[in-house]
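K.L.:
First the structure, which I've put down as structure tokens, then a few questions once you've had a look.
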Amino acid sequence: MNAIDVHGLVKRFGDKTVVDHVTMSVAEGEIVGFLGPNGSGKTTTIRIMCGLLTADEGEGTVLGFNIRTESLRIKREVGYMTQKFSFYEDLTIGENLEFVARLYRLKPVEDYVAKTLEELGLTSRRNQLAGTLSGGWKQRLALAACIMHKPKLLLLDEPTAGVDPKARREFWDEIHRLAGGGLTVLVSTHYMDEAERCHRISYISYGKMLATGTVAEVVKNAGLTTFVVQGPQLAKLAQELHDRPGVDQVAPFGATLHVVGSDRKKLEAALAGVEKEHKGVTVAPGETSLEDVFIQFMSGSKDNMA
Amino acid sequence: MNGVFSFARLGALLIKEFIQMRRDRITFAMMLGVPLLQLVLFGFAINSDPKGLPTALVAMSNDQYTRAMVSALQVTGYYRFDHVTASAEEAEFLMARGDVSFVVTIPADFGRRVERGDNPQILIEADATDPSAASGAVSTLSTVASQALLRAQGMQAAAAENAKEQLQVVVHRRYNPEGISQYNIVPGLLGVILQMTMVMMTAMALTRETERGTMENLLAMPSSPAEIMLGKVLPFLVVGAVQVAVVLVAAKLLFDIPFVGSLTLLLSSVLVFVLSLVLLGYTISTMARSQMQAMQLTFFFFLPSLLLSGFMFPYRGMPGWAQALGEIFPLTHFLRITRAVMLKGADFHAIAAEIGWLVVFVLVFAGTALLRFRRTLD
């Protein structure tokens, strides 16, 4: 049985279709990255899965429970970490955890709270108001609070936005440790390096699921060709290359330019004369990165936010 | 000049404010609609010299003098004889329950005494819990009654002044013989103070969660709408209990308000009243989108309930439609209960109907809140 099995999910707000026939399945114990630009429907999809929103169309199960009729059972078995810190800033760390433990009827409350505080390394700060914590600590507190009731599925909505690299690293180590223990994780993110830490990724744009698979599969299936251009005065060259037929993207990466196109022949033709026209410039075949693929997806899909 | 003040920048700020004002529909509607509504409502409803007050007539006989008396009182416009009875006990009960403001008693030997010129008397008992309500009616009494009697005897109206002493109108101001207005105001304040704090605090209940973003988390965890509702409102029952204790002690110590009824009865009705208030506040919080809106809705509710409940102006003085409107405020019923229990010593039987109303409010508000509560963020 898959932890998540939903198909044909549609959610409209007014006349805007925010989630447009999204189908998704996540196997047990898998870490799936949910990627897509801002406003692409990631949060809405996650909210539908944990019963916070009702889908206009589509069916599915989460942990074997129907998303339409059994949302209360789903809520008991799922840990959902919201995008924005949504615990009580005017309660202390300890009081927040006690509140959560009591809502899930974890007994004895004190044992669960003490254990969680110890794992977090927050025992000494138990009586500190949650609102005074830094971004990284808030995120750790939120994660700890939503795994306290030992959920089978973790839904994380941009958990590492605004968190420093070290805290992010520790966060991901924790996610992998939990997944090793059999927990299924669906995590939405903007960060490419985080996408590469997932077993599989799903890419959604303007409500439509555009690609799904391992990172290598997604890159390969995108069918893009990339050349790396090196040399002087790249900014000017980038402008020039951008207008040539067959060139879809020109992106500076440090001292190089990544030139990406979906049609290999056209792209080669576009770059054919570059080395001769510009002194000191070299063109070499490069590897298409996940980011190149996403930028390609984003420019290719129509904006429905306007 | 450019650095200190620019009309262009002021213009930018003004435009932005008007756009925001227009976006916030509820506030906008309130700014335009509420003043008009309230002006019309209160302008027509409030009357500090009430007429057509319900009156019970205890008539022992039905002779021409009795009839002349009754019609004369009716003609003043102050008295409306709703209940005619021969039993003083029944009239007493009607007044305790607040169904009538006056009881006019015309003794059986009234006609005989008039004819004999033997110092005839009529008794008018006024419900003086609200001294201002009865004052107009009482002040016109004596002249009107004497003139009516003289007319009935076939004498000239001109001679009325001379013969004034002939009729004795005995006025009893019941429950508050000295006409002390604190006796009316202080028990009422108990209701008003409770309403102010209870409704306002609970009206913020859900909007605060929504504004702080904690609502999403609360909904994602396993808690049912009824649990959330009771979790929000029950703490305020405790706050309400403290307020009740403070007001009652102050009423006794500072204002020396008589307390003739049963304390248990009063406290149990306070409990039902507070429950209806916190549930009303909670219902408001399921409608408002922000704490600001919750605040505005509370005030929108607050002013009419203050003016139409009989707290500030005599309830009986309002036209029928305004009285009907007054019935939809828990405060109206609670005021009748506190005044009846504290000043008149009413028992459960006398205020059962009012308590029944409060129970209905509790059920209606709780039901509405549960129906309106969104388990999802849709």
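Just remember, in the structure tokens the first chain shown is A, the second B, etc., residues are 1-based per chain, and ligands are 1-based in the order shown.
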Residues of chain A were defined as contacting chain B if any atom lay at most 9 Å from it, counting only C-alpha atoms; please report them as a list of chain:residue names.
P.N.:
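Residues of chain A within 9 Å of chain B, counting only C-alpha atoms: A:Phe13, A:Arg47, A:Cys50, A:Gly51, A:Leu52, A:Leu53, A:Thr54, A:Leu72, A:Arg73, A:Ile74, A:Lys75, A:Arg76, A:Val78, A:Gly79, A:Tyr80, A:Met81, A:Thr82, A:Lys84, A:Phe85, A:Ser86, A:Phe87, A:Tyr88, A:Glu89, A:Val100, A:Leu103, A:Tyr104.
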K.L.:
Leaving out Val169 of chain B and any residue of its chain fewer than 3 positions from it, which residues lie within 12 Å of it when counting only C-alpha atoms, given as a PDB file with N, CA and C atoms, in the first residue's frame?
P.N.:
```pdb
ATOM      1  N   MET B  69     -63.893  56.280  35.821  1.00  0.00           N
ATOM      2  CA  MET B  69     -62.505  56.324  36.288  1.00  0.00           C
ATOM      3  C   MET B  69     -61.584  55.658  35.274  1.00  0.00           C
ATOM      4  N   VAL B 104     -54.305  49.092  39.044  1.00  0.00           N
ATOM      5  CA  VAL B 104     -55.278  50.068  39.522  1.00  0.00           C
ATOM      6  C   VAL B 104     -56.366  49.299  40.271  1.00  0.00           C
ATOM      7  N   THR B 105     -56.523  49.635  41.537  1.00  0.00           N
ATOM      8  CA  THR B 105     -57.541  48.939  42.327  1.00  0.00           C
ATOM      9  C   THR B 105     -58.664  49.911  42.690  1.00  0.00           C
ATOM     10  N   ILE B 106     -59.869  49.561  42.271  1.00  0.00           N
ATOM     11  CA  ILE B 106     -61.034  50.387  42.623  1.00  0.00           C
ATOM     12  C   ILE B 106     -61.887  49.558  43.580  1.00  0.00           C
ATOM     13  N   PRO B 107     -61.993  50.004  44.812  1.00  0.00           N
ATOM     14  CA  PRO B 107     -62.677  49.184  45.818  1.00  0.00           C
ATOM     15  C   PRO B 107     -64.173  49.031  45.539  1.00  0.00           C
ATOM     16  N   PHE B 110     -66.587  51.931  46.240  1.00  0.00           N
ATOM     17  CA  PHE B 110     -66.184  53.201  45.633  1.00  0.00           C
ATOM     18  C   PHE B 110     -67.402  54.057  45.272  1.00  0.00           C
ATOM     19  N   ASN B 119     -65.248  60.417  51.276  1.00  0.00           N
ATOM     20  CA  ASN B 119     -63.816  60.195  51.091  1.00  0.00           C
ATOM     21  C   ASN B 119     -63.458  58.958  50.243  1.00  0.00           C
ATOM     22  N   PRO B 120     -63.923  58.916  48.981  1.00  0.00           N
ATOM     23  CA  PRO B 120     -63.631  57.735  48.149  1.00  0.00           C
ATOM     24  C   PRO B 120     -62.141  57.649  47.792  1.00  0.00           C
ATOM     25  N   GLN B 121     -61.665  56.394  47.663  1.00  0.00           N
ATOM     26  CA  GLN B 121     -60.231  56.193  47.371  1.00  0.00           C
ATOM     27  C   GLN B 121     -60.064  55.249  46.194  1.00  0.00           C
ATOM     28  N   ILE B 122     -59.028  55.485  45.394  1.00  0.00           N
ATOM     29  CA  ILE B 122     -58.576  54.423  44.487  1.00  0.00           C
ATOM     30  C   ILE B 122     -57.089  54.239  44.741  1.00  0.00           C
ATOM     31  N   LEU B 123     -56.623  53.000  44.477  1.00  0.00           N
ATOM     32  CA  LEU B 123     -55.220  52.678  44.740  1.00  0.00           C
ATOM     33  C   LEU B 123     -54.518  52.429  43.411  1.00  0.00           C
ATOM     34  N   ILE B 124     -53.398  53.119  43.217  1.00  0.00           N
ATOM     35  CA  ILE B 124     -52.604  52.845  42.018  1.00  0.00           C
ATOM     36  C   ILE B 124     -51.226  52.398  42.460  1.00  0.00           C
ATOM     37  N   GLU B 125     -50.891  51.147  42.101  1.00  0.00           N
ATOM     38  CA  GLU B 125     -49.558  50.639  42.425  1.00  0.00           C
ATOM     39  C   GLU B 125     -48.712  50.716  41.166  1.00  0.00           C
ATOM     40  N   VAL B 138     -47.822  58.735  36.788  1.00  0.00           N
ATOM     41  CA  VAL B 138     -48.255  59.027  38.147  1.00  0.00           C
ATOM     42  C   VAL B 138     -48.562  60.516  38.327  1.00  0.00           C
ATOM     43  N   SER B 139     -47.774  61.383  37.668  1.00  0.00           N
ATOM     44  CA  SER B 139     -47.915  62.814  37.912  1.00  0.00           C
ATOM     45  C   SER B 139     -49.241  63.373  37.409  1.00  0.00           C
ATOM     46  N   THR B 140     -49.847  62.763  36.396  1.00  0.00           N
ATOM     47  CA  THR B 140     -51.093  63.311  35.855  1.00  0.00           C
ATOM     48  C   THR B 140     -52.313  62.807  36.615  1.00  0.00           C
ATOM     49  N   LEU B 141     -52.052  61.822  37.471  1.00  0.00           N
ATOM     50  CA  LEU B 141     -53.152  61.071  38.040  1.00  0.00           C
ATOM     51  C   LEU B 141     -54.251  61.862  38.727  1.00  0.00           C
ATOM     52  N   SER B 142     -53.821  62.610  39.706  1.00  0.00           N
ATOM     53  CA  SER B 142     -54.761  63.163  40.651  1.00  0.00           C
ATOM     54  C   SER B 142     -55.793  64.078  39.987  1.00  0.00           C
ATOM     55  N   THR B 143     -55.333  64.999  39.148  1.00  0.00           N
ATOM     56  CA  THR B 143     -56.221  65.918  38.453  1.00  0.00           C
ATOM     57  C   THR B 143     -57.207  65.169  37.572  1.00  0.00           C
ATOM     58  N   VAL B 144     -56.653  64.243  36.771  1.00  0.00           N
ATOM     59  CA  VAL B 144     -57.485  63.508  35.827  1.00  0.00           C
ATOM     60  C   VAL B 144     -58.593  62.771  36.549  1.00  0.00           C
ATOM     61  N   ALA B 145     -58.206  62.110  37.628  1.00  0.00           N
ATOM     62  CA  ALA B 145     -59.176  61.291  38.343  1.00  0.00           C
ATOM     63  C   ALA B 145     -60.300  62.158  38.933  1.00  0.00           C
ATOM     64  N   SER B 146     -59.937  63.307  39.534  1.00  0.00           N
ATOM     65  CA  SER B 146     -60.950  64.169  40.142  1.00  0.00           C
ATOM     66  C   SER B 146     -61.928  64.700  39.109  1.00  0.00           C
ATOM     67  N   LEU B 149     -64.365  62.138  37.927  1.00  0.00           N
ATOM     68  CA  LEU B 149     -65.382  61.851  38.925  1.00  0.00           C
ATOM     69  C   LEU B 149     -66.468  62.924  38.930  1.00  0.00           C
ATOM     70  N   LYS B 164     -61.452  69.015  44.574  1.00  0.00           N
ATOM     71  CA  LYS B 164     -60.340  68.102  44.346  1.00  0.00           C
ATOM     72  C   LYS B 164     -60.097  67.159  45.519  1.00  0.00           C
ATOM     73  N   GLU B 165     -60.266  67.726  46.693  1.00  0.00           N
ATOM     74  CA  GLU B 165     -59.985  66.926  47.892  1.00  0.00           C
ATOM     75  C   GLU B 165     -60.960  65.777  48.042  1.00  0.00           C
ATOM     76  N   GLN B 166     -62.030  65.898  47.267  1.00  0.00           N
ATOM     77  CA  GLN B 166     -63.079  64.906  47.438  1.00  0.00           C
ATOM     78  C   GLN B 166     -62.591  63.487  47.159  1.00  0.00           C
ATOM     79  N   HIS B 172     -48.891  53.787  45.364  1.00  0.00           N
ATOM     80  CA  HIS B 172     -47.809  52.995  45.962  1.00  0.00           C
ATOM     81  C   HIS B 172     -46.724  52.776  44.916  1.00  0.00           C
TER      82      HIS B 172
END
```
K.L.:
Mind giving me the straight-line distance from atom CA of Gly231 of chain B to atom CA of Ala205 of chain B in Å, one decimal?
P.N.:
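Between these atoms lies a distance of 10.0 Å.
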K.L.:
Atom CA of Val250 of chain A and atom CA of Ala284 of chain A, how far apart in Å?
P.N.:
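The value is 14.3 Å.
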K.L.:
List every residue of segment 17-109 of chain A that DSSP, applied to the backbone of this structure, assigns to helix (DSSP H, G or I), and report them as a list of chain:residue names.
P.N.:
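Selecting the helix (DSSP H, G or I) positions of segment 17-109 of chain A gives A:Lys42, A:Thr43, A:Thr44, A:Thr45, A:Ile46, A:Arg47, A:Ile48, A:Met49, A:Ser71, A:Leu72, A:Arg73, A:Ile74, A:Lys75, A:Arg76, A:Glu77, A:Ile93, A:Gly94, A:Glu95, A:Asn96, A:Leu97, A:Glu98, A:Phe99, A:Val100, A:Ala101, A:Arg102, A:Leu103, A:Val109.
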K.L.:
Excluding same-chain residues fewer than 4 positions from Ser71 of chain B, what lies within 10 Å of it counting only C-alpha atoms, as a list in words?
P.N.:
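Residues near the query, excluding close chain neighbours: Tyr65, Thr66, Arg67, Val75, Thr76, Tyr79, Phe81, Ala145 and Ala148 of chain B.
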K.L.:
Pick out the residues sitting within 7 Å of segment 352-358 of chain B, and hand them over as an MDAnalysis selection string; count only C-alpha atoms, and ignore anything fewer than 3 positions along from it in its own chain.
P.N.:
chainID B and resid 269 272:273 276 330 333 337 348:349 361:362
K.L.:
Take the residues just selected and output them with C-alpha atoms as an mmCIF file, in the first residue's frame.
P.N.:
```cif
data_model
loop_
_atom_site.group_PDB
_atom_site.id
_atom_site.type_symbol
_atom_site.label_atom_id
_atom_site.label_comp_id
_atom_site.auth_asym_id
_atom_site.auth_seq_id
_atom_site.Cartn_x
_atom_site.Cartn_y
_atom_site.Cartn_z
ATOM 1 C CA SER B 269 -29.629 32.637 35.696
ATOM 2 C CA VAL B 272 -27.103 30.748 31.618
ATOM 3 C CA PHE B 273 -26.775 34.400 30.627
ATOM 4 C CA SER B 276 -25.269 32.739 25.981
ATOM 5 C CA PRO B 330 -30.066 38.239 25.905
ATOM 6 C CA HIS B 333 -34.228 39.026 29.386
ATOM 7 C CA ILE B 337 -34.479 38.512 35.696
ATOM 8 C CA PHE B 348 -38.415 30.660 39.660
ATOM 9 C CA HIS B 349 -42.001 30.429 38.499
ATOM 10 C CA PHE B 361 -30.154 31.819 22.969
ATOM 11 C CA VAL B 362 -27.534 29.370 24.254
#
```
K.L.:
Leaving out segment 188-192 of chain A and any residue of its chain fewer than 6 positions from it, which residues lie within 6 Å of it when counting only C-alpha atoms, given as a list in words?
P.N.:
Gly33, Phe34, Leu35, Asp157 and Glu158 of chain A
K.L.:
Got a sec: who's within 12 Å of Asp347 of chain B, counting only C-alpha atoms, leaving out chain neighbours fewer than 2 positions off, as a list in words?
P.N.:
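Answer for this query is Phe93, Ala96, Arg97, Val260, Gly261, Ser262, Leu263, Thr264, Leu265, Leu266, Ser269, Ile337, Thr338, Arg339, Ala340, Val341, Met342, Leu343, Lys344, Gly345, His349, Ala350, Ile351, Ala352, Ala353 and Ile355 of chain B.
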K.L.:
As a PyMOL selection string, please: the residues near Glu110 of chain A (cut-off 12 Å, only C-alpha atoms, same-chain neighbours under 2 positions excluded).
P.N.:
chain A and resi 94-95+97-102+105-108+112-117
K.L.:
Quote the spacing between atom CA of Met198 of chain B and atom CA of Pro225 of chain B in Å to one decimal place.
P.N.:
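Atom-to-atom, atom CA of Met198 of chain B and atom CA of Pro225 of chain B are spaced 20.1 Å apart.
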K.L.:
As a ChimeraX atom specification, please: every residue in segment 74-241 of chain A that a backbone DSSP assignment puts in strand (DSSP E).
P.N.:
/A:78-81,153-157,184-189,200-205,208-213,225-230
